[in-house]
$ cat work_5.cif   # mmCIF, C-alpha atoms and all ligand atoms
data_entry
loop_
_atom_site.label_atom_id
_atom_site.label_comp_id
_atom_site.auth_asym_id
_atom_site.auth_seq_id
_atom_site.Cartn_x
_atom_site.Cartn_y
_atom_site.Cartn_z
CA MET A 12 -9.70 -22.93 84.22
CA THR A 13 -8.85 -24.12 80.74
CA THR A 14 -11.55 -24.46 78.15
CA LYS A 15 -11.27 -25.23 74.49
CA THR A 16 -13.16 -23.42 71.80
CA SER A 17 -14.06 -25.33 68.67
CA PRO A 18 -14.29 -24.14 65.10
CA SER A 19 -17.80 -23.30 64.01
CA THR A 20 -19.48 -26.30 62.42
CA SER A 21 -20.29 -24.31 59.30
CA THR A 22 -16.58 -23.65 58.79
CA ILE A 23 -15.74 -27.32 59.29
CA LYS A 24 -18.45 -28.36 56.86
CA GLN A 25 -17.42 -25.93 54.20
CA ASN A 26 -13.70 -26.31 54.59
CA ARG A 27 -11.66 -29.45 55.29
CA GLY A 28 -8.66 -27.22 55.87
CA GLY A 29 -6.30 -26.16 53.11
CA LEU A 30 -8.83 -23.52 51.94
CA GLU A 31 -10.41 -26.17 49.71
CA GLY A 32 -13.27 -24.71 47.70
CA VAL A 33 -12.54 -21.15 48.90
CA VAL A 34 -12.46 -18.47 46.17
CA ALA A 35 -9.53 -16.20 47.04
CA ALA A 36 -9.39 -13.90 43.98
CA THR A 37 -10.88 -13.17 40.61
CA THR A 38 -8.63 -13.72 37.61
CA THR A 39 -8.77 -13.58 33.83
CA LEU A 40 -5.56 -15.56 33.40
CA SER A 41 -6.34 -19.26 33.58
CA ARG A 42 -9.33 -21.39 34.37
CA VAL A 43 -9.12 -24.86 35.91
CA GLU A 44 -12.31 -26.90 35.48
CA GLY A 45 -11.61 -29.82 37.77
CA THR A 46 -14.62 -31.99 36.98
CA ALA A 47 -14.38 -31.55 33.22
CA GLY A 48 -10.57 -31.93 33.26
CA ARG A 49 -10.24 -28.70 31.29
CA LEU A 50 -7.57 -26.00 31.51
CA THR A 51 -7.71 -22.76 29.53
CA TYR A 52 -5.44 -19.69 29.43
CA HIS A 53 -7.56 -16.62 28.65
CA GLY A 54 -10.16 -18.95 27.16
CA TYR A 55 -7.71 -20.87 24.90
CA ASN A 56 -7.67 -24.62 25.44
CA ILE A 57 -4.35 -25.92 26.80
CA HIS A 58 -4.31 -28.75 24.23
CA ASP A 59 -4.27 -26.26 21.33
CA LEU A 60 -1.66 -24.11 23.05
CA ALA A 61 0.66 -26.99 23.95
CA ARG A 62 0.70 -28.36 20.40
CA THR A 63 1.14 -25.13 18.47
CA THR A 64 2.60 -22.26 20.51
CA THR A 65 5.94 -21.31 22.08
CA PHE A 66 6.58 -20.25 25.64
CA GLU A 67 7.11 -16.63 24.56
CA GLU A 68 3.63 -16.55 22.96
CA ILE A 69 2.13 -17.79 26.23
CA ALA A 70 4.08 -15.21 28.22
CA TYR A 71 2.62 -12.54 25.92
CA LEU A 72 -0.89 -14.00 26.32
CA LEU A 73 -0.69 -14.00 30.12
CA TRP A 74 0.98 -10.60 30.47
CA PHE A 75 -0.95 -8.71 27.76
CA GLY A 76 -4.27 -10.59 27.75
CA LYS A 77 -4.21 -11.52 24.04
CA LEU A 78 -2.23 -13.70 21.67
CA PRO A 79 0.51 -11.68 19.95
CA THR A 80 0.77 -10.81 16.29
CA ARG A 81 4.08 -11.72 14.65
CA MET A 82 5.46 -8.22 15.29
CA GLU A 83 4.29 -8.15 18.89
CA LEU A 84 5.96 -11.50 19.48
CA VAL A 85 9.22 -10.28 17.95
CA ASP A 86 9.10 -7.22 20.24
CA LEU A 87 8.62 -9.35 23.33
CA LYS A 88 11.40 -11.74 22.29
CA VAL A 89 13.77 -8.79 21.86
CA ARG A 90 12.86 -7.46 25.29
CA LEU A 91 13.45 -10.88 26.86
CA LEU A 92 16.74 -11.22 24.97
CA GLU A 93 18.01 -7.86 26.24
CA GLU A 94 17.35 -8.89 29.83
CA ARG A 95 19.11 -12.28 29.66
CA THR A 96 22.15 -11.18 31.61
CA LEU A 97 23.75 -12.33 34.85
CA PRO A 98 24.19 -9.34 37.18
CA THR A 99 27.53 -9.33 39.04
CA VAL A 100 25.81 -9.32 42.40
CA VAL A 101 23.95 -12.53 41.55
CA LEU A 102 27.08 -14.18 40.14
CA GLN A 103 28.84 -13.35 43.39
CA VAL A 104 26.07 -14.76 45.56
CA LEU A 105 25.75 -17.94 43.47
CA SER A 106 29.54 -18.45 43.52
CA ASP A 107 29.53 -18.24 47.32
CA LEU A 108 26.88 -20.95 47.77
CA PRO A 109 28.11 -24.46 48.62
CA SER A 110 28.02 -26.70 45.53
CA THR A 111 25.68 -29.03 47.46
CA THR A 112 22.97 -26.33 47.57
CA ALA A 113 19.68 -27.48 46.04
CA PRO A 114 19.12 -25.55 42.78
CA MET A 115 15.68 -24.45 43.98
CA ASP A 116 17.35 -22.81 47.02
CA ALA A 117 19.97 -21.25 44.75
CA LEU A 118 17.22 -19.85 42.53
CA ARG A 119 15.35 -18.40 45.51
CA THR A 120 18.59 -16.80 46.74
CA ALA A 121 19.43 -15.43 43.28
CA VAL A 122 16.00 -13.82 42.86
CA SER A 123 16.30 -12.29 46.31
CA ALA A 124 19.77 -10.86 45.53
CA TRP A 125 18.55 -9.57 42.14
CA GLY A 126 15.59 -7.90 43.83
CA ALA A 127 17.76 -6.31 46.50
CA ALA A 128 20.08 -4.83 43.87
CA THR A 129 17.51 -3.90 41.23
CA ILE A 130 13.92 -3.55 42.25
CA GLN A 131 12.29 -0.29 43.18
CA GLY A 132 8.65 0.68 43.25
CA LYS A 133 5.41 -1.12 42.56
CA PRO A 134 5.41 -4.35 40.52
CA ASN A 135 5.21 -3.60 36.79
CA LEU A 136 5.48 -5.38 33.45
CA ASP A 137 9.10 -4.35 32.80
CA GLN A 138 10.12 -6.01 36.05
CA ALA A 139 8.09 -9.12 35.16
CA ILE A 140 9.92 -9.42 31.83
CA ALA A 141 13.33 -8.71 33.39
CA LEU A 142 12.84 -11.34 36.06
CA THR A 143 11.40 -14.03 33.77
CA ALA A 144 14.26 -13.60 31.28
CA ARG A 145 16.75 -14.26 34.07
CA PHE A 146 15.35 -17.51 35.47
CA PRO A 147 17.21 -19.74 32.95
CA VAL A 148 20.30 -17.54 33.37
CA PHE A 149 20.34 -17.90 37.16
CA LEU A 150 19.65 -21.63 37.05
CA SER A 151 22.23 -22.46 34.40
CA ALA A 152 24.85 -20.25 36.09
CA PHE A 153 24.41 -22.09 39.36
CA HIS A 154 24.39 -25.48 37.63
CA ARG A 155 27.68 -24.72 35.87
CA LEU A 156 29.30 -23.19 38.95
CA ARG A 157 28.49 -26.25 41.07
CA ASN A 158 30.16 -28.38 38.39
CA GLY A 159 33.28 -26.20 38.39
CA LEU A 160 32.39 -24.54 35.06
CA LYS A 161 32.06 -20.88 34.13
CA PRO A 162 28.56 -19.53 33.40
CA LEU A 163 27.96 -18.86 29.71
CA GLU A 164 26.59 -15.83 27.88
CA SER A 165 23.11 -16.27 26.40
CA HIS A 166 23.01 -17.24 22.71
CA PRO A 167 21.55 -14.32 20.73
CA GLU A 168 19.80 -16.57 18.20
CA LEU A 169 18.06 -18.87 20.63
CA GLY A 170 14.63 -18.51 22.21
CA TYR A 171 13.77 -19.06 25.88
CA ALA A 172 13.68 -22.89 25.87
CA ALA A 173 16.62 -23.41 23.51
CA ASN A 174 18.78 -20.84 25.27
CA TYR A 175 18.14 -22.53 28.63
CA LEU A 176 19.39 -25.87 27.28
CA TYR A 177 22.35 -24.15 25.62
CA LEU A 178 23.30 -22.27 28.81
CA LEU A 179 23.29 -25.51 30.80
CA SER A 180 25.40 -27.62 28.43
CA GLY A 181 27.26 -25.19 26.18
CA HIS A 182 26.04 -27.13 23.12
CA MET A 183 23.42 -26.21 20.56
CA PRO A 184 20.34 -28.19 21.67
CA LYS A 185 18.58 -30.74 19.47
CA GLU A 186 15.42 -29.48 17.80
CA GLU A 187 13.27 -32.23 19.34
CA HIS A 188 14.56 -31.36 22.82
CA VAL A 189 13.72 -27.69 22.31
CA ARG A 190 10.22 -28.57 21.11
CA ALA A 191 9.58 -30.90 24.07
CA LEU A 192 10.84 -28.35 26.60
CA ASP A 193 8.88 -25.53 24.96
CA ALA A 194 5.66 -27.59 25.16
CA TYR A 195 6.42 -28.38 28.81
CA LEU A 196 6.96 -24.67 29.58
CA VAL A 197 3.66 -23.78 27.85
CA LEU A 198 1.78 -26.40 29.87
CA LEU A 199 3.10 -25.26 33.25
CA ALA A 200 2.87 -21.46 32.86
CA ASP A 201 -0.26 -20.89 34.91
CA HIS A 202 -2.80 -22.92 36.85
CA GLY A 203 -5.47 -20.99 38.70
CA MET A 204 -5.02 -20.36 42.41
CA ASN A 205 -2.34 -22.98 43.08
CA ALA A 206 -0.34 -22.70 46.32
CA SER A 207 2.65 -20.78 44.91
CA THR A 208 0.47 -18.35 42.94
CA PHE A 209 -1.65 -17.74 46.01
CA THR A 210 1.56 -17.06 47.97
CA ALA A 211 2.71 -14.56 45.33
CA ARG A 212 -0.66 -12.78 45.45
CA VAL A 213 -0.67 -12.66 49.26
CA VAL A 214 2.79 -11.04 49.31
CA ALA A 215 1.88 -8.62 46.51
CA SER A 216 -1.35 -7.69 48.32
CA THR A 217 0.68 -6.20 51.19
CA GLU A 218 2.18 -3.74 48.62
CA SER A 219 5.51 -5.54 48.83
CA ASP A 220 7.78 -5.77 45.75
CA ILE A 221 7.78 -8.24 42.85
CA ALA A 222 11.00 -10.01 43.89
CA SER A 223 9.66 -10.66 47.40
CA ALA A 224 6.42 -12.05 45.97
CA VAL A 225 8.32 -14.36 43.59
CA VAL A 226 10.74 -15.47 46.33
CA GLY A 227 7.71 -16.50 48.40
CA ALA A 228 6.25 -18.34 45.42
CA ILE A 229 9.50 -20.25 44.83
CA GLY A 230 9.41 -21.36 48.47
CA ALA A 231 5.85 -22.63 48.06
CA LEU A 232 6.57 -24.41 44.77
CA LYS A 233 9.50 -26.29 46.27
CA GLY A 234 7.42 -28.62 48.47
CA PRO A 235 6.67 -32.16 47.23
CA LEU A 236 2.90 -31.67 47.48
CA HIS A 237 3.22 -28.92 44.84
CA GLY A 238 6.15 -28.57 42.41
CA GLY A 239 8.65 -30.75 44.23
CA ALA A 240 7.05 -34.00 43.00
CA PRO A 241 8.74 -34.69 39.62
CA SER A 242 12.21 -35.42 40.97
CA LYS A 243 10.54 -37.75 43.46
CA VAL A 244 8.74 -39.40 40.53
CA GLN A 245 12.13 -39.93 38.93
CA ASP A 246 13.47 -41.37 42.20
CA MET A 247 10.49 -43.75 42.21
CA LEU A 248 11.02 -44.80 38.57
CA GLU A 249 14.71 -45.39 39.26
CA ALA A 250 14.06 -47.30 42.50
CA ILE A 251 11.53 -49.55 40.74
CA GLY A 252 13.90 -50.04 37.81
CA THR A 253 12.07 -52.85 36.00
CA GLN A 254 8.40 -53.61 35.36
CA ASP A 255 8.42 -56.84 37.39
CA ARG A 256 9.37 -54.93 40.57
CA ALA A 257 6.72 -52.24 40.18
CA GLU A 258 3.78 -53.82 41.98
CA SER A 259 5.64 -54.97 45.11
CA TRP A 260 7.53 -51.65 45.34
CA MET A 261 4.34 -49.58 45.23
CA ARG A 262 2.42 -51.93 47.53
CA ASP A 263 5.21 -51.61 50.11
CA ALA A 264 5.25 -47.80 49.76
CA LEU A 265 1.47 -47.59 50.24
CA ALA A 266 1.62 -49.99 53.20
CA ARG A 267 4.15 -47.63 54.83
CA GLY A 268 1.55 -44.86 54.40
CA GLU A 269 3.55 -43.10 51.66
CA ARG A 270 1.97 -41.27 48.74
CA LEU A 271 2.71 -42.27 45.18
CA MET A 272 4.25 -39.19 43.60
CA GLY A 273 2.61 -37.98 40.40
CA PHE A 274 -0.92 -39.04 41.37
CA GLY A 275 -3.85 -37.14 42.87
CA HIS A 276 -4.77 -33.48 42.57
CA ARG A 277 -6.69 -30.97 44.66
CA ALA A 278 -8.57 -29.50 41.70
CA TYR A 279 -8.91 -32.28 39.10
CA LYS A 280 -11.56 -34.94 39.64
CA THR A 281 -10.56 -36.57 36.39
CA GLU A 282 -7.31 -36.73 34.42
CA ASP A 283 -5.21 -33.57 34.47
CA PRO A 284 -5.26 -32.36 30.82
CA ARG A 285 -1.56 -31.49 31.10
CA ALA A 286 -0.78 -35.11 31.99
CA GLU A 287 -2.41 -36.18 28.72
CA GLU A 288 -0.13 -33.85 26.71
CA LEU A 289 2.97 -34.81 28.67
CA ARG A 290 2.24 -38.53 28.22
CA GLU A 291 2.37 -38.01 24.46
CA LEU A 292 5.53 -35.91 24.70
CA ALA A 293 7.16 -38.62 26.85
CA ARG A 294 6.11 -41.34 24.39
CA LEU A 295 7.90 -39.50 21.59
CA ALA A 296 10.88 -38.33 23.63
CA ASP A 297 12.02 -41.60 25.19
CA PRO A 298 10.09 -44.73 24.12
CA ARG A 299 12.05 -47.05 26.45
CA GLU A 300 11.59 -44.97 29.59
CA PHE A 301 8.01 -44.31 28.52
CA ALA A 302 7.18 -48.04 28.45
CA LEU A 303 8.29 -48.45 32.08
CA ALA A 304 6.54 -45.26 33.18
CA ARG A 305 3.31 -46.27 31.44
CA ARG A 306 3.29 -49.69 33.14
CA ILE A 307 3.98 -48.08 36.53
CA GLU A 308 1.19 -45.56 35.92
CA GLU A 309 -1.33 -48.30 35.11
CA LEU A 310 -0.35 -50.31 38.18
CA ALA A 311 -0.34 -47.25 40.46
CA LEU A 312 -3.86 -46.29 39.39
CA ALA A 313 -5.07 -49.86 39.97
CA LEU A 314 -3.44 -50.02 43.43
CA LEU A 315 -4.84 -46.63 44.46
CA GLU A 316 -8.31 -47.78 43.37
CA GLU A 317 -7.85 -51.06 45.25
CA GLN A 318 -6.77 -49.18 48.39
CA LYS A 319 -9.94 -47.06 48.45
CA PRO A 320 -12.51 -48.17 45.89
CA GLY A 321 -14.43 -45.27 44.40
CA ARG A 322 -12.06 -42.52 45.63
CA ARG A 323 -10.58 -42.11 42.11
CA LEU A 324 -7.10 -40.62 42.02
CA TYR A 325 -5.67 -39.76 38.60
CA THR A 326 -2.26 -39.11 37.08
CA ASN A 327 -1.18 -35.52 37.61
CA VAL A 328 1.11 -33.20 35.66
CA GLU A 329 4.23 -34.24 37.55
CA PHE A 330 4.31 -37.92 36.59
CA TYR A 331 5.24 -37.53 32.91
CA SER A 332 7.03 -34.22 33.54
CA ALA A 333 9.80 -36.33 35.05
CA VAL A 334 10.15 -38.45 31.90
CA VAL A 335 10.03 -35.44 29.55
CA LEU A 336 12.52 -33.34 31.51
CA ALA A 337 14.95 -36.26 31.88
CA SER A 338 14.69 -36.94 28.13
CA VAL A 339 15.91 -33.42 27.28
CA GLY A 340 18.97 -33.98 29.47
CA LEU A 341 18.01 -32.24 32.70
CA PRO A 342 19.23 -33.73 36.00
CA GLY A 343 16.49 -34.54 38.52
CA ASP A 344 17.24 -31.64 40.84
CA LEU A 345 16.59 -29.16 38.00
CA PHE A 346 13.05 -30.45 37.38
CA THR A 347 11.33 -28.22 39.94
CA PRO A 348 13.46 -25.13 39.13
CA THR A 349 12.52 -25.66 35.46
CA PHE A 350 8.87 -25.72 36.52
CA ALA A 351 9.61 -22.36 38.21
CA ALA A 352 11.16 -21.04 34.97
CA SER A 353 7.75 -21.56 33.38
CA ARG A 354 5.46 -20.62 36.29
CA VAL A 355 7.29 -17.30 36.84
CA VAL A 356 5.16 -15.98 33.99
CA GLY A 357 1.97 -17.00 35.79
CA TRP A 358 3.23 -15.65 39.11
CA THR A 359 4.14 -12.27 37.68
CA ALA A 360 0.89 -12.03 35.68
CA HIS A 361 -1.05 -12.74 38.89
CA ILE A 362 1.04 -10.21 40.84
CA LEU A 363 0.22 -7.54 38.23
CA GLU A 364 -3.46 -8.53 38.32
CA GLN A 365 -3.43 -8.31 42.12
CA VAL A 366 -1.82 -4.86 42.29
CA ALA A 367 -4.09 -3.50 39.56
CA ASN A 368 -7.08 -4.02 41.84
CA ASN A 369 -5.56 -4.59 45.24
CA ARG A 370 -7.12 -5.38 48.55
CA LEU A 371 -4.97 -6.83 51.36
CA ILE A 372 -5.44 -10.62 51.53
CA ARG A 373 -5.98 -11.27 55.18
CA PRO A 374 -8.16 -14.25 56.12
CA GLU A 375 -9.14 -15.30 59.61
CA ALA A 376 -8.44 -18.32 61.77
CA ASP A 377 -10.83 -20.23 64.01
CA TYR A 378 -9.17 -20.07 67.42
CA THR A 379 -9.21 -23.53 69.07
CA GLY A 380 -6.81 -22.93 72.00
CA PRO A 381 -7.57 -22.41 75.69
CA THR A 382 -9.62 -19.41 76.84
CA GLU A 383 -10.22 -17.62 80.17
CA GLN A 384 -6.84 -18.63 81.63
CA HIS A 385 -5.88 -17.19 85.01
CA PHE A 386 -2.56 -15.31 84.63
CA VAL A 387 0.20 -16.12 87.16
CA PRO A 388 3.36 -13.90 87.23
CA LEU A 389 6.71 -15.60 86.42
CA GLY A 390 8.00 -15.78 90.02
CA GLU A 391 4.83 -17.44 91.27
CA ARG A 392 4.54 -20.07 88.52
CA GLN A 393 5.16 -23.71 89.48
N1 LIG A 401 -0.85 -41.54 46.85
C1 LIG A 401 -1.56 -42.17 47.81
N2 LIG A 401 -2.64 -41.64 48.40
C2 LIG A 401 -3.03 -40.42 48.01
C3 LIG A 401 -2.33 -39.70 47.01
C4 LIG A 401 -1.21 -40.32 46.41
N3 LIG A 401 -0.51 -39.71 45.46
N4 LIG A 401 -2.94 -38.53 46.81
C5 LIG A 401 -3.97 -38.47 47.67
N5 LIG A 401 -4.02 -39.63 48.39
C6 LIG A 401 -4.99 -39.94 49.40
C7 LIG A 401 -4.70 -39.29 50.73
O1 LIG A 401 -3.86 -40.11 51.55
C8 LIG A 401 -6.08 -39.12 51.30
O2 LIG A 401 -6.50 -40.37 51.82
P1 LIG A 401 -7.45 -40.43 53.12
O3 LIG A 401 -8.71 -39.70 52.74
O4 LIG A 401 -7.63 -41.90 53.33
O5 LIG A 401 -6.68 -39.75 54.20
C9 LIG A 401 -6.94 -38.82 50.09
O6 LIG A 401 -6.25 -39.41 48.99
C10 LIG A 401 -7.13 -37.33 49.84
O7 LIG A 401 -5.86 -36.70 49.94
P2 LIG A 401 -5.67 -35.17 50.33
O8 LIG A 401 -4.24 -34.99 50.73
O9 LIG A 401 -6.73 -34.69 51.23
O10 LIG A 401 -5.96 -34.51 48.97
P3 LIG A 401 -5.40 -33.14 48.48
O11 LIG A 401 -6.42 -32.53 47.67
O12 LIG A 401 -4.84 -32.31 49.58
O13 LIG A 401 -4.15 -33.73 47.67
C11 LIG A 401 -2.14 -33.72 46.55
C12 LIG A 401 -3.60 -33.25 46.53
C13 LIG A 401 -1.54 -33.39 45.18
C14 LIG A 401 -1.38 -32.99 47.64
C15 LIG A 401 -2.07 -35.26 46.79
O14 LIG A 401 -2.82 -35.95 45.83
C16 LIG A 401 -0.64 -35.77 46.82
O15 LIG A 401 0.01 -35.68 47.86
N6 LIG A 401 -0.10 -36.31 45.67
C17 LIG A 401 1.25 -36.78 45.63
C18 LIG A 401 2.21 -35.61 45.41
C19 LIG A 401 2.12 -35.04 44.02
O16 LIG A 401 2.05 -35.75 43.03
N7 LIG A 401 2.15 -33.70 43.95
C20 LIG A 401 2.05 -32.96 42.72
C21 LIG A 401 0.73 -32.26 42.62
S1 LIG A 401 0.46 -31.56 41.02
#

$ encode --input "work_5.cif" --output "structure tokens"
Amino acid sequence: MTTKTSPSTSTIKQNRGGLEGVVAATTTLSRVEGTAGRLTYHGYNIHDLARTTTFEEIAYLLWFGKLPTRMELVDLKVRLLEERTLPTVVLQVLSDLPSTTAPMDALRTAVSAWGAATIQGKPNLDQAIALTARFPVFLSAFHRLRNGLKPLESHPELGYAANYLYLLSGHMPKEEHVRALDAYLVLLADHGMNASTFTARVVASTESDIASAVVGAIGALKGPLHGGAPSKVQDMLEAIGTQDRAESWMRDALARGERLMGFGHRAYKTEDPRAEELRELARLADPREFALARRIEELALALLEEQKPGRRLYTNVEFYSAVVLASVGLPGDLFTPTFAASRVVGWTAHILEQVANNRLIRPEADYTGPTEQHFVPLGERQ
């Protein structure tokens, strides 16, 4: 006899699936207040941080739990600088990948190879710094290799954001591009218990190593419901092309049951505060592209409201990320890897927080399959 069990009603009530509303860890790193539309890192408002700090300051804040003094910041920059090398084993692996490989896959492979060759012992801060410093190195090396160019050495006078742009193009980056990318990296560095951070913490909780935890996180970030959205936003902006096509294009997409990329968020019930900052950055970075994006945003919000009045979906971080990242010269398939080059700080800070007070993360599942089945041996089955 086959019977079906059903999940307990209390579980269904509390949880629509996707662990919505479930508290999976305690953290002192960042706080997402979805109803207020507020994001803070260690209590500092993201708006203040995005307008006045550099990515290295935020890395210090998340790793050390306080904003650095000038000297502390110099020390961290020196440590990051010393680690900005491309190990031979990673160069070899990246050279062997087909040039059609998605950069996010190349990054995941590079981190895995680096971990295999380098990492021993429990996750620690030195490893976090060494790995973070190498994200732009790995990404730019792969980008150059796939274009038939040799990877470059890091520029000793350039910080994290500027060096990334330099490593990709071989040219000294424009000041306004560095500032825009730095602000982007600050905005994306951490965000509560998002899917990739949760993945990193789950892997770390098994007492696995830092590279394995970050490889898992890269895999989670890649999906379009998480960090994979901005290149799809760019595809949408390009496909729409001109303002007069926007409404019919989006109506058709919604009628096909597709989601409009760059809208909606699990945590925010109002505008994502990062979207507000990125909108301003986009306005300054590329006024022409901004005008089209702004019109599409307004129409998209109106159409989503029309589709389900009162549901209220808002612009998320990915919509204007696409405009900002394109304006600093990045190709669409480097958008999500660049997100990773920021979020690696959050991932590693969470991994260190997890191992400092570890308990294996091991939830349960409500079993809904058949029960009490009568077993029949292979030869007697029909
Ligand atoms: N376009 C159209 N409809 C959307 C939508 C979007 N961007 N985002 C959510 N919805 C709809 C869903 O279809 C669903 O409708 P239903 O209740 O009629 O089935 C409802 O809104 C709730 O969606 P759900 O998927 O349960 O919400 P969530 O909390 O899991 O979604 C996202 C969060 C981010 C996954 C979702 O908003 C989305 O897919 N956005 C587009 C991708 C994106 O921009 N990702 C980057 C996130 S930072």

$ residues_near_ligand --input "work_5.cif" --ligand "ligand LIG 401 (chain A)" --cutoff "8 Å" --atoms "all atoms listed in the file" --output "list in words"
Gly29, Glu31, Pro235, Leu236, His237, Gly238, Gly239, Ala240, Pro241, Leu265, Gly268, Glu269, Arg270, Leu271, Met272, Gly273, Phe274, Gly275, His276, Arg277, Ala278, Leu315, Lys319, Arg322, Leu324, Asn327, Val328, Glu329 and Phe330 of chain A

$ residues_around --input "work_5.cif" --residues "A:Ala352" --least-positions-apart "4" --cutoff "10 Å" --atoms "all atoms listed in the file" --output "PDB file with C-alpha atoms, in the coordinates of the input"
ATOM      1  CA  LEU A 118      17.220 -19.850  42.530  1.00  0.00           C
ATOM      2  CA  LEU A 142      12.840 -11.340  36.060  1.00  0.00           C
ATOM      3  CA  THR A 143      11.400 -14.030  33.770  1.00  0.00           C
ATOM      4  CA  ALA A 144      14.260 -13.600  31.280  1.00  0.00           C
ATOM      5  CA  ARG A 145      16.750 -14.260  34.070  1.00  0.00           C
ATOM      6  CA  PHE A 146      15.350 -17.510  35.470  1.00  0.00           C
ATOM      7  CA  PRO A 147      17.210 -19.740  32.950  1.00  0.00           C
ATOM      8  CA  VAL A 148      20.300 -17.540  33.370  1.00  0.00           C
ATOM      9  CA  PHE A 149      20.340 -17.900  37.160  1.00  0.00           C
ATOM     10  CA  LEU A 150      19.650 -21.630  37.050  1.00  0.00           C
ATOM     11  CA  TYR A 171      13.770 -19.060  25.880  1.00  0.00           C
ATOM     12  CA  ALA A 172      13.680 -22.890  25.870  1.00  0.00           C
ATOM     13  CA  TYR A 175      18.140 -22.530  28.630  1.00  0.00           C
ATOM     14  CA  LEU A 196       6.960 -24.670  29.580  1.00  0.00           C
ATOM     15  CA  LEU A 199       3.100 -25.260  33.250  1.00  0.00           C
ATOM     16  CA  ALA A 200       2.870 -21.460  32.860  1.00  0.00           C
ATOM     17  CA  PHE A 346      13.050 -30.450  37.380  1.00  0.00           C
ATOM     18  CA  THR A 347      11.330 -28.220  39.940  1.00  0.00           C
ATOM     19  CA  PRO A 348      13.460 -25.130  39.130  1.00  0.00           C
ATOM     20  CA  VAL A 356       5.160 -15.980  33.990  1.00  0.00           C
TER      21      VAL A 356
END

$ residues_around --input "work_5.cif" --residues "stretch 160-164 of chain A" --least-positions-apart "6" --cutoff "10 Å" --atoms "all atoms listed in the file" --output "VMD selection string"
chain A and resid 95 to 97 102 148 to 154 174 177 to 181

$ closest_residue --input "work_5.cif" --among "A:Lys243, A:Arg157, A:Arg267, A:Arg354" --to "A:Pro114" --atoms "all atoms listed in the file"
A:Arg157

$ residues_near_point --input "work_5.cif" --point "(-6.9, -19.8, 27.6)" --cutoff "10 Å" --atoms "only C-alpha atoms" --output "ChimeraX atom specification"
/A:39-43,50-60,69,72-73,76-78,201

$ write_last_selection --input "work_5.cif" --atoms "C-alpha atoms" --output "PDB file, in the frame of the given file"
ATOM      1  CA  THR A  39      -8.770 -13.580  33.830  1.00  0.00           C
ATOM      2  CA  LEU A  40      -5.560 -15.560  33.400  1.00  0.00           C
ATOM      3  CA  SER A  41      -6.340 -19.260  33.580  1.00  0.00           C
ATOM      4  CA  ARG A  42      -9.330 -21.390  34.370  1.00  0.00           C
ATOM      5  CA  VAL A  43      -9.120 -24.860  35.910  1.00  0.00           C
ATOM      6  CA  LEU A  50      -7.570 -26.000  31.510  1.00  0.00           C
ATOM      7  CA  THR A  51      -7.710 -22.760  29.530  1.00  0.00           C
ATOM      8  CA  TYR A  52      -5.440 -19.690  29.430  1.00  0.00           C
ATOM      9  CA  HIS A  53      -7.560 -16.620  28.650  1.00  0.00           C
ATOM     10  CA  GLY A  54     -10.160 -18.950  27.160  1.00  0.00           C
ATOM     11  CA  TYR A  55      -7.710 -20.870  24.900  1.00  0.00           C
ATOM     12  CA  ASN A  56      -7.670 -24.620  25.440  1.00  0.00           C
ATOM     13  CA  ILE A  57      -4.350 -25.920  26.800  1.00  0.00           C
ATOM     14  CA  HIS A  58      -4.310 -28.750  24.230  1.00  0.00           C
ATOM     15  CA  ASP A  59      -4.270 -26.260  21.330  1.00  0.00           C
ATOM     16  CA  LEU A  60      -1.660 -24.110  23.050  1.00  0.00           C
ATOM     17  CA  ILE A  69       2.130 -17.790  26.230  1.00  0.00           C
ATOM     18  CA  LEU A  72      -0.890 -14.000  26.320  1.00  0.00           C
ATOM     19  CA  LEU A  73      -0.690 -14.000  30.120  1.00  0.00           C
ATOM     20  CA  GLY A  76      -4.270 -10.590  27.750  1.00  0.00           C
ATOM     21  CA  LYS A  77      -4.210 -11.520  24.040  1.00  0.00           C
ATOM     22  CA  LEU A  78      -2.230 -13.700  21.670  1.00  0.00           C
ATOM     23  CA  ASP A 201      -0.260 -20.890  34.910  1.00  0.00           C
TER      24      ASP A 201
END

$ atom_distance --input "work_5.cif" --atom1 "atom CA of A:Ala264" --atom2 "atom CA of A:Glu300"
21.3 Å

$ residues_near_point --input "work_5.cif" --point "(10.2, -38.0, 26.7)" --cutoff "8 Å" --atoms "only C-alpha atoms" --output "list of chain:residue names"
A:Ala191, A:Leu292, A:Ala293, A:Arg294, A:Leu295, A:Ala296, A:Asp297, A:Pro298, A:Glu300, A:Phe301, A:Tyr331, A:Val334, A:Val335, A:Leu336, A:Ala337, A:Ser338, A:Val339

$ closest_residue --input "work_5.cif" --among "A:Ile130, A:Ile140, A:Val33, A:Ala367" --to "A:Leu92" --atoms "only C-alpha atoms"
A:Ile140

$ atom_distance --input "work_5.cif" --atom1 "atom CA of A:Leu312" --atom2 "atom CA of A:Glu291"
18.2 Å

$ atom_distance --input "work_5.cif" --atom1 "atom CA of A:Asp137" --atom2 "atom CA of A:Val189"
26.0 Å

$ residues_around --input "work_5.cif" --residues "A:Pro134" --least-positions-apart "3" --cutoff "9 Å" --atoms "only C-alpha atoms" --output "NGL selection string"
:A and (130-131 or 137-139 or 215 or 218-222 or 359 or 362-363 or 366)

$ closest_residue --input "work_5.cif" --among "A:Leu176, A:Leu91, A:Val122, A:Ala313" --to "A:Ala141" --atoms "all atoms listed in the file"
A:Leu91

$ closest_residue --input "work_5.cif" --among "A:Thr37, A:Ser259, A:Gly340, A:Arg392" --to "A:His182" --atoms "only C-alpha atoms"
A:Gly340
